[in-house]
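J.: Have a peek at start-v3.cif (mmCIF, C-alpha atoms; chains and numbers go by the auth columns).
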data_data
loop_
_atom_site.group_PDB
_atom_site.id
_atom_site.type_symbol
_atom_site.label_atom_id
_atom_site.label_comp_id
_atom_site.label_asym_id
_atom_site.label_seq_id
_atom_site.Cartn_x
_atom_site.Cartn_y
_atom_site.Cartn_z
_atom_site.B_iso_or_equiv
_atom_site.auth_seq_id
_atom_site.auth_asym_id
ATOM 1 C CA PRO A 1 -83.409 132.443 7.449 0.00 50 E
ATOM 2 C CA PRO A 2 -82.695 130.101 10.335 0.00 51 E
ATOM 3 C CA THR A 3 -85.693 129.138 12.411 0.00 52 E
ATOM 4 C CA SER A 4 -86.533 126.839 15.273 0.00 53 E
ATOM 5 C CA ALA A 5 -89.457 125.521 13.186 0.00 54 E
ATOM 6 C CA ALA A 6 -87.162 124.291 10.373 0.00 55 E
ATOM 7 C CA PRO A 7 -87.440 120.608 11.437 0.00 56 E
ATOM 8 C CA LEU A 8 -91.169 120.747 10.661 0.00 57 E
ATOM 9 C CA GLY A 9 -90.585 121.437 6.957 0.00 58 E
ATOM 10 C CA LEU A 10 -93.238 124.145 6.773 0.00 59 E
ATOM 11 C CA PRO A 11 -93.503 126.126 3.524 0.00 60 E
ATOM 12 C CA MET A 12 -92.028 129.202 5.214 0.00 61 E
ATOM 13 C CA PRO A 13 -90.686 130.180 8.636 0.00 62 E
ATOM 14 C CA PRO A 14 -93.156 131.846 11.029 0.00 63 E
ATOM 15 C CA PHE A 15 -91.569 135.307 10.867 0.00 64 E
ATOM 16 C CA VAL A 16 -91.560 135.227 7.050 0.00 65 E
ATOM 17 C CA LEU A 17 -95.278 134.402 7.179 0.00 66 E
ATOM 18 C CA MET A 18 -95.827 137.228 9.663 0.00 67 E
ATOM 19 C CA GLY A 19 -94.045 139.592 7.259 0.00 68 E
ATOM 20 C CA LEU A 20 -96.439 138.587 4.467 0.00 69 E
ATOM 21 C CA VAL A 21 -99.564 138.798 6.620 0.00 70 E
ATOM 22 C CA GLY A 22 -98.360 141.918 8.375 0.00 71 E
ATOM 23 C CA PRO A 23 -97.447 142.372 12.028 0.00 72 E
ATOM 24 C CA ALA A 24 -100.581 144.446 12.701 0.00 73 E
ATOM 25 C CA VAL A 25 -102.789 141.589 11.503 0.00 74 E
ATOM 26 C CA ALA A 26 -100.798 139.124 13.625 0.00 75 E
ATOM 27 C CA LEU A 27 -101.233 141.395 16.652 0.00 76 E
ATOM 28 C CA HIS A 28 -104.969 141.725 15.981 0.00 77 E
ATOM 29 C CA VAL A 29 -105.304 137.930 15.847 0.00 78 E
ATOM 30 C CA ASN A 30 -103.324 137.634 19.099 0.00 79 E
ATOM 31 C CA GLU A 31 -105.482 140.275 20.796 0.00 80 E
ATOM 32 C CA THR A 32 -108.663 138.544 19.619 0.00 81 E
ATOM 33 C CA LEU A 33 -107.493 135.163 20.883 0.00 82 E
ATOM 34 C CA HIS A 34 -106.344 136.740 24.141 0.00 83 E
ATOM 35 C CA GLY A 35 -109.768 138.311 24.594 0.00 84 E
ATOM 36 C CA ALA A 36 -111.420 134.902 24.266 0.00 85 E
ATOM 37 C CA PHE A 37 -108.783 132.767 25.994 0.00 86 E
ATOM 38 C CA PRO A 38 -106.474 134.974 28.086 0.00 87 E
ATOM 39 C CA ASP A 39 -104.855 132.075 29.912 0.00 88 E
ATOM 40 C CA ARG A 40 -103.822 130.405 26.643 0.00 89 E
ATOM 41 C CA PHE A 41 -102.881 133.408 24.502 0.00 90 E
ATOM 42 C CA PRO A 42 -100.865 136.016 26.411 0.00 91 E
ATOM 43 C CA LEU A 43 -100.126 139.408 24.925 0.00 92 E
ATOM 44 C CA SER A 44 -96.588 140.636 24.381 0.00 93 E
ATOM 45 C CA ASP A 45 -95.797 144.266 25.189 0.00 94 E
ATOM 46 C CA LYS A 46 -92.722 143.993 22.968 0.00 95 E
ATOM 47 C CA PHE A 47 -94.780 142.782 20.025 0.00 96 E
ATOM 48 C CA GLY A 48 -97.153 145.714 20.569 0.00 97 E
ATOM 49 C CA LYS A 49 -94.150 148.071 20.474 0.00 98 E
ATOM 50 C CA PHE A 50 -92.909 146.345 17.326 0.00 99 E
ATOM 51 C CA VAL A 51 -96.247 146.930 15.564 0.00 100 E
ATOM 52 C CA ALA A 52 -96.374 150.527 16.822 0.00 101 E
ATOM 53 C CA SER A 53 -92.907 151.097 15.319 0.00 102 E
ATOM 54 C CA GLY A 54 -94.367 150.501 11.861 0.00 103 E
ATOM 55 C CA LYS A 55 -91.875 147.752 11.045 0.00 104 E
ATOM 56 C CA LYS A 56 -93.149 145.398 8.353 0.00 105 E
ATOM 57 C CA GLY A 57 -91.208 142.381 9.600 0.00 106 E
ATOM 58 C CA VAL A 58 -88.145 141.202 11.478 0.00 107 E
ATOM 59 C CA TYR A 59 -86.119 140.496 8.339 0.00 108 E
ATOM 60 C CA GLN A 60 -84.443 142.940 6.001 0.00 109 E
ATOM 61 C CA PRO A 61 -84.695 142.318 2.225 0.00 110 E
ATOM 62 C CA ASP A 62 -81.567 140.109 2.331 0.00 111 E
ATOM 63 C CA PHE A 63 -83.172 138.022 5.123 0.00 112 E
ATOM 64 C CA SER A 64 -80.750 139.251 7.748 0.00 113 E
ATOM 65 C CA ILE A 65 -82.434 140.206 11.002 0.00 114 E
ATOM 66 C CA ASP A 66 -83.344 143.870 11.238 0.00 115 E
ATOM 67 C CA PRO A 67 -81.250 145.462 14.040 0.00 116 E
ATOM 68 C CA GLU A 68 -84.213 147.668 15.003 0.00 117 E
ATOM 69 C CA ALA A 69 -86.322 144.544 15.540 0.00 118 E
ATOM 70 C CA VAL A 70 -83.553 143.116 17.727 0.00 119 E
ATOM 71 C CA GLU A 71 -83.580 146.350 19.743 0.00 120 E
ATOM 72 C CA ILE A 72 -87.348 146.161 20.255 0.00 121 E
ATOM 73 C CA PHE A 73 -87.426 142.480 21.175 0.00 122 E
ATOM 74 C CA GLY A 74 -84.106 142.415 23.039 0.00 123 E
ATOM 75 C CA GLY A 75 -83.346 142.822 26.692 0.00 124 E
ATOM 76 C CA GLY A 76 -83.946 139.371 28.080 0.00 125 E
ATOM 77 C CA THR A 77 -81.437 137.659 30.315 0.00 126 E
ATOM 78 C CA SER A 78 -82.135 134.019 29.480 0.00 127 E
ATOM 79 C CA PRO A 79 -82.674 133.485 25.757 0.00 128 E
ATOM 80 C CA SER A 80 -84.378 130.294 24.644 0.00 129 E
ATOM 81 C CA THR A 81 -82.621 127.808 22.411 0.00 130 E
ATOM 82 C CA GLU A 82 -84.167 126.858 19.063 0.00 131 E
ATOM 83 C CA GLU A 83 -85.037 123.476 20.580 0.00 132 E
ATOM 84 C CA GLN A 84 -86.860 125.105 23.527 0.00 133 E
ATOM 85 C CA VAL A 85 -88.872 127.337 21.184 0.00 134 E
ATOM 86 C CA LEU A 86 -89.859 124.350 19.035 0.00 135 E
ATOM 87 C CA GLU A 87 -90.806 122.305 22.118 0.00 136 E
ATOM 88 C CA ARG A 88 -93.029 125.096 23.477 0.00 137 E
ATOM 89 C CA ALA A 89 -94.728 125.479 20.088 0.00 138 E
ATOM 90 C CA LEU A 90 -95.365 121.743 19.729 0.00 139 E
ATOM 91 C CA ASN A 91 -96.627 121.495 23.315 0.00 140 E
ATOM 92 C CA ALA A 92 -99.061 124.349 22.674 0.00 141 E
ATOM 93 C CA LEU A 93 -100.262 122.726 19.434 0.00 142 E
ATOM 94 C CA ALA A 94 -100.897 119.422 21.214 0.00 143 E
ATOM 95 C CA GLN A 95 -102.796 121.230 23.974 0.00 144 E
ATOM 96 C CA GLU A 96 -104.951 123.225 21.534 0.00 145 E
ATOM 97 C CA ILE A 97 -105.750 120.163 19.423 0.00 146 E
ATOM 98 C CA ARG A 98 -106.797 118.255 22.551 0.00 147 E
ATOM 99 C CA LEU A 99 -109.039 121.169 23.578 0.00 148 E
ATOM 100 C CA MET A 100 -110.642 121.346 20.114 0.00 149 E
ATOM 101 C CA LEU A 101 -111.389 117.625 20.240 0.00 150 E
ATOM 102 C CA ASP A 102 -112.657 117.700 23.833 0.00 151 E
ATOM 103 C CA GLU A 103 -114.875 120.727 23.153 0.00 152 E
ATOM 104 C CA GLY A 104 -116.320 119.197 19.975 0.00 153 E
ATOM 105 C CA VAL A 105 -114.944 121.919 17.698 0.00 154 E
ATOM 106 C CA VAL A 106 -113.876 119.074 15.404 0.00 155 E
ATOM 107 C CA ALA A 107 -115.025 115.471 15.408 0.00 156 E
ATOM 108 C CA ALA A 108 -111.706 113.686 14.927 0.00 157 E
ATOM 109 C CA PRO A 109 -107.955 114.266 14.763 0.00 158 E
ATOM 110 C CA GLN A 110 -108.055 113.572 11.036 0.00 159 E
ATOM 111 C CA ASP A 111 -110.221 116.687 10.576 0.00 160 E
ATOM 112 C CA ILE A 112 -107.441 118.794 12.055 0.00 161 E
ATOM 113 C CA ASP A 113 -104.855 116.982 9.930 0.00 162 E
ATOM 114 C CA LEU A 114 -106.832 117.719 6.760 0.00 163 E
ATOM 115 C CA CYS A 115 -107.164 121.405 7.648 0.00 164 E
ATOM 116 C CA MET A 116 -103.465 121.689 8.399 0.00 165 E
ATOM 117 C CA LEU A 117 -102.484 119.859 5.193 0.00 166 E
ATOM 118 C CA LEU A 118 -104.794 121.755 2.846 0.00 167 E
ATOM 119 C CA GLY A 119 -105.113 125.099 4.609 0.00 168 E
ATOM 120 C CA ALA A 120 -101.875 125.726 6.448 0.00 169 E
ATOM 121 C CA GLY A 121 -99.324 124.006 4.248 0.00 170 E
ATOM 122 C CA TRP A 122 -98.415 121.278 6.738 0.00 171 E
ATOM 123 C CA PRO A 123 -96.013 119.009 4.797 0.00 172 E
ATOM 124 C CA PHE A 124 -97.839 116.049 3.235 0.00 173 E
ATOM 125 C CA HIS A 125 -94.890 113.750 3.904 0.00 174 E
ATOM 126 C CA LEU A 126 -95.421 114.158 7.664 0.00 175 E
ATOM 127 C CA GLY A 127 -98.945 112.743 7.310 0.00 176 E
ATOM 128 C CA GLY A 128 -100.697 115.375 9.367 0.00 177 E
ATOM 129 C CA ILE A 129 -100.001 117.192 12.593 0.00 178 E
ATOM 130 C CA THR A 130 -101.570 114.647 14.946 0.00 179 E
ATOM 131 C CA PRO A 131 -99.511 111.687 13.655 0.00 180 E
ATOM 132 C CA TYR A 132 -96.426 113.898 13.859 0.00 181 E
ATOM 133 C CA LEU A 133 -97.184 114.842 17.482 0.00 182 E
ATOM 134 C CA ASP A 134 -97.871 111.178 18.279 0.00 183 E
ATOM 135 C CA ARG A 135 -94.610 109.962 16.679 0.00 184 E
ATOM 136 C CA ALA A 136 -92.613 112.681 18.446 0.00 185 E
ATOM 137 C CA GLY A 137 -94.120 111.715 21.822 0.00 186 E
ATOM 138 C CA VAL A 138 -95.524 115.214 22.313 0.00 187 E
ATOM 139 C CA SER A 139 -99.158 114.065 22.498 0.00 188 E
ATOM 140 C CA GLU A 140 -98.498 111.691 25.382 0.00 189 E
ATOM 141 C CA ARG A 141 -96.166 114.092 27.190 0.00 190 E
ATOM 142 C CA VAL A 142 -98.673 116.972 27.050 0.00 191 E
ATOM 143 C CA ASN A 143 -102.037 115.189 27.123 0.00 192 E
ATOM 144 C CA GLY A 144 -101.221 111.775 28.570 0.00 193 E
ATOM 145 C CA THR A 145 -102.475 110.003 25.450 0.00 194 E
ATOM 146 C CA ARG A 146 -101.964 109.760 21.712 0.00 195 E
ATOM 147 C CA PHE A 147 -104.370 111.385 19.262 0.00 196 E
ATOM 148 C CA LEU A 148 -104.484 108.275 17.047 0.00 197 E
ATOM 149 C CA GLU A 149 -104.332 104.572 17.799 0.00 198 E
ATOM 150 C CA PRO A 150 -100.848 103.043 17.456 0.00 199 E
ATOM 151 C CA GLY A 151 -100.350 102.007 13.843 0.00 200 E
ATOM 152 C CA VAL A 152 -102.582 104.744 12.393 0.00 201 E
ATOM 153 C CA ALA A 153 -100.383 107.021 10.303 0.00 202 E
ATOM 154 C CA SER A 154 -97.298 105.630 12.031 0.00 203 E
ATOM 155 C CA LEU A 155 -94.000 105.216 10.280 0.00 204 E
ATOM 156 C CA PRO A 156 -92.952 101.633 9.481 0.00 205 E
ATOM 157 C CA ALA A 157 -90.742 100.042 12.153 0.00 206 E
#
Translate this structure into structure tokens?
T.:
Amino acid sequence: PPTSAAPLGLPMPPFVLMGLVGPAVALHVNETLHGAFPDRFPLSDKFGKFVASGKKGVYQPDFSIDPEAVEIFGGGTSPSTEEQVLERALNALAQEIRLMLDEGVVAAPQDIDLCMLLGAGWPFHLGGITPYLDRAGVSERVNGTRFLEPGVASLPA
């Protein structure tokens, strides 16, 4: 299925992952994060309605989008482009990584990279999420600074 996250080369698109985990679990995680950090993790009424509908995912078995899911999530007047969705996701990742480092949740960016590589299936060829965000300019745009020194996990010129 097409996805705005395709340029990242993740093992599966986010909505496929949600279908495997289950929308109710995804909603529970969102509610838990919202309870702890309401300014950073808003709740979606439409996602709540989607879970209440009992749907198991947004895709049908042939990976076409379920029309009932479109009905539940539809209604907006200014849809985002795939590029805008990807940019918002990368901006949020850069912000959360900066917060984890600043709050001492992890000691170094490489700790986050290792977790993402081994635990979340971040593609090895991208070298980790922090070098990726640095190379893409997201780190500096969002946080005003890179995560790693120039030359660390950078691509050859």
J.: Counting all atoms listed in the file, what is within 12 Å of region 83-89 of chain E, bar same-chain residues fewer than 4 positions away, as a ChimeraX atom specification?
T.: /E:76-79,93,140-142,144-145,148
J.: At what distance in Å, to one decimal, does CA of Pro60 (chain E) lie from CA of Pro128 (chain E)?
T.: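 Separation of CA of Pro128 (chain E) and CA of Pro60 (chain E): 25.8 Å.
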J.: Using all atoms listed in the file, which of the listed residues (E:Ala143, E:Gly193, E:Leu167, E:Glu132) sits closest to Tyr181 (chain E)?
T.: E:Ala143
J.: Just checking: using all atoms listed in the file, which residue out of E:Val74, E:Leu66, E:Leu150, E:Ala202 ends up closest to His174 (chain E)?
T.: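 Distance minimum relative to His174 (chain E) lands on E:Ala202.
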J.: Using only C-alpha atoms, which of E:Trp171, E:Leu135, E:Phe64, E:Gly58 sits nearest Asp115 (chain E)?
T.: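 Closest residue, counting only C-alpha atoms: E:Phe64.
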J.: Could you tell me how far CA of Pro56 (chain E) sits from CA of Val155 (chain E), in Å to one decimal place?
T.: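 CA of Pro56 (chain E) lies at a distance of 26.8 Å from CA of Val155 (chain E).
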J.: Measuring between all atoms listed in the file, which one of E:Pro158, E:Ala138, E:Phe173, E:Leu163 shows the shortest distance to Val187 (chain E)?
T.: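 For Val187 (chain E), the nearest of the given residues is E:Ala138.
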J.: Would you mind telling me which residue in E:Gly68, E:Phe196, E:Ile114, E:Leu57 lies nearest to Met149 (chain E) when using all atoms listed in the file?
T.: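 For Met149 (chain E), the nearest of the candidates is E:Phe196.
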J.: Could you state the separation of CA of Pro172 (chain E) and CA of Gln109 (chain E) in Å, given to one decimal place?
T.: 26.6 Å
J.: Please evaluate the PyMOL selection byres ((chain E and resi 104) around 10) against the structure above and give the resulting residues as a list in words.
T.: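 In the shown coordinates, the PyMOL selection byres ((chain E and resi 104) around 10) covers Gly68, Gly71, Pro72, Ala73, Lys98, Phe99, Val100, Ala101, Ser102, Gly103, Lys105, Gly106, Val107, Tyr108, Asp115, Glu117 and Ala118 of chain E.
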J.: Using only C-alpha atoms, can you tell me which of E:Thr179, E:Gly124, E:Val154, E:Asp162 comes closest to Leu197 (chain E)?
T.: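 That would be E:Thr179, the residue with the smallest distance to Leu197 (chain E).
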J.: Could you list, as a ChimeraX atom specification, every residue within 9 Å of Val134 (chain E), counting all atoms listed in the file and ignoring same-chain residues fewer than 4 positions away?
T.: /E:53-54,129-130,138-139
J.: Taking all atoms of region 125-139 of chain E that the file lists, what box with edges along x, y and z, padded by 4 Å per side, do you get, with centre and edge lengths in Å to one decimal, as lines of an AutoDock Vina configuration file?
T.:
center_x = -88.4
center_y = 130.6
center_z = 24.7
size_x = 21.9
size_y = 25.6
size_z = 19.3
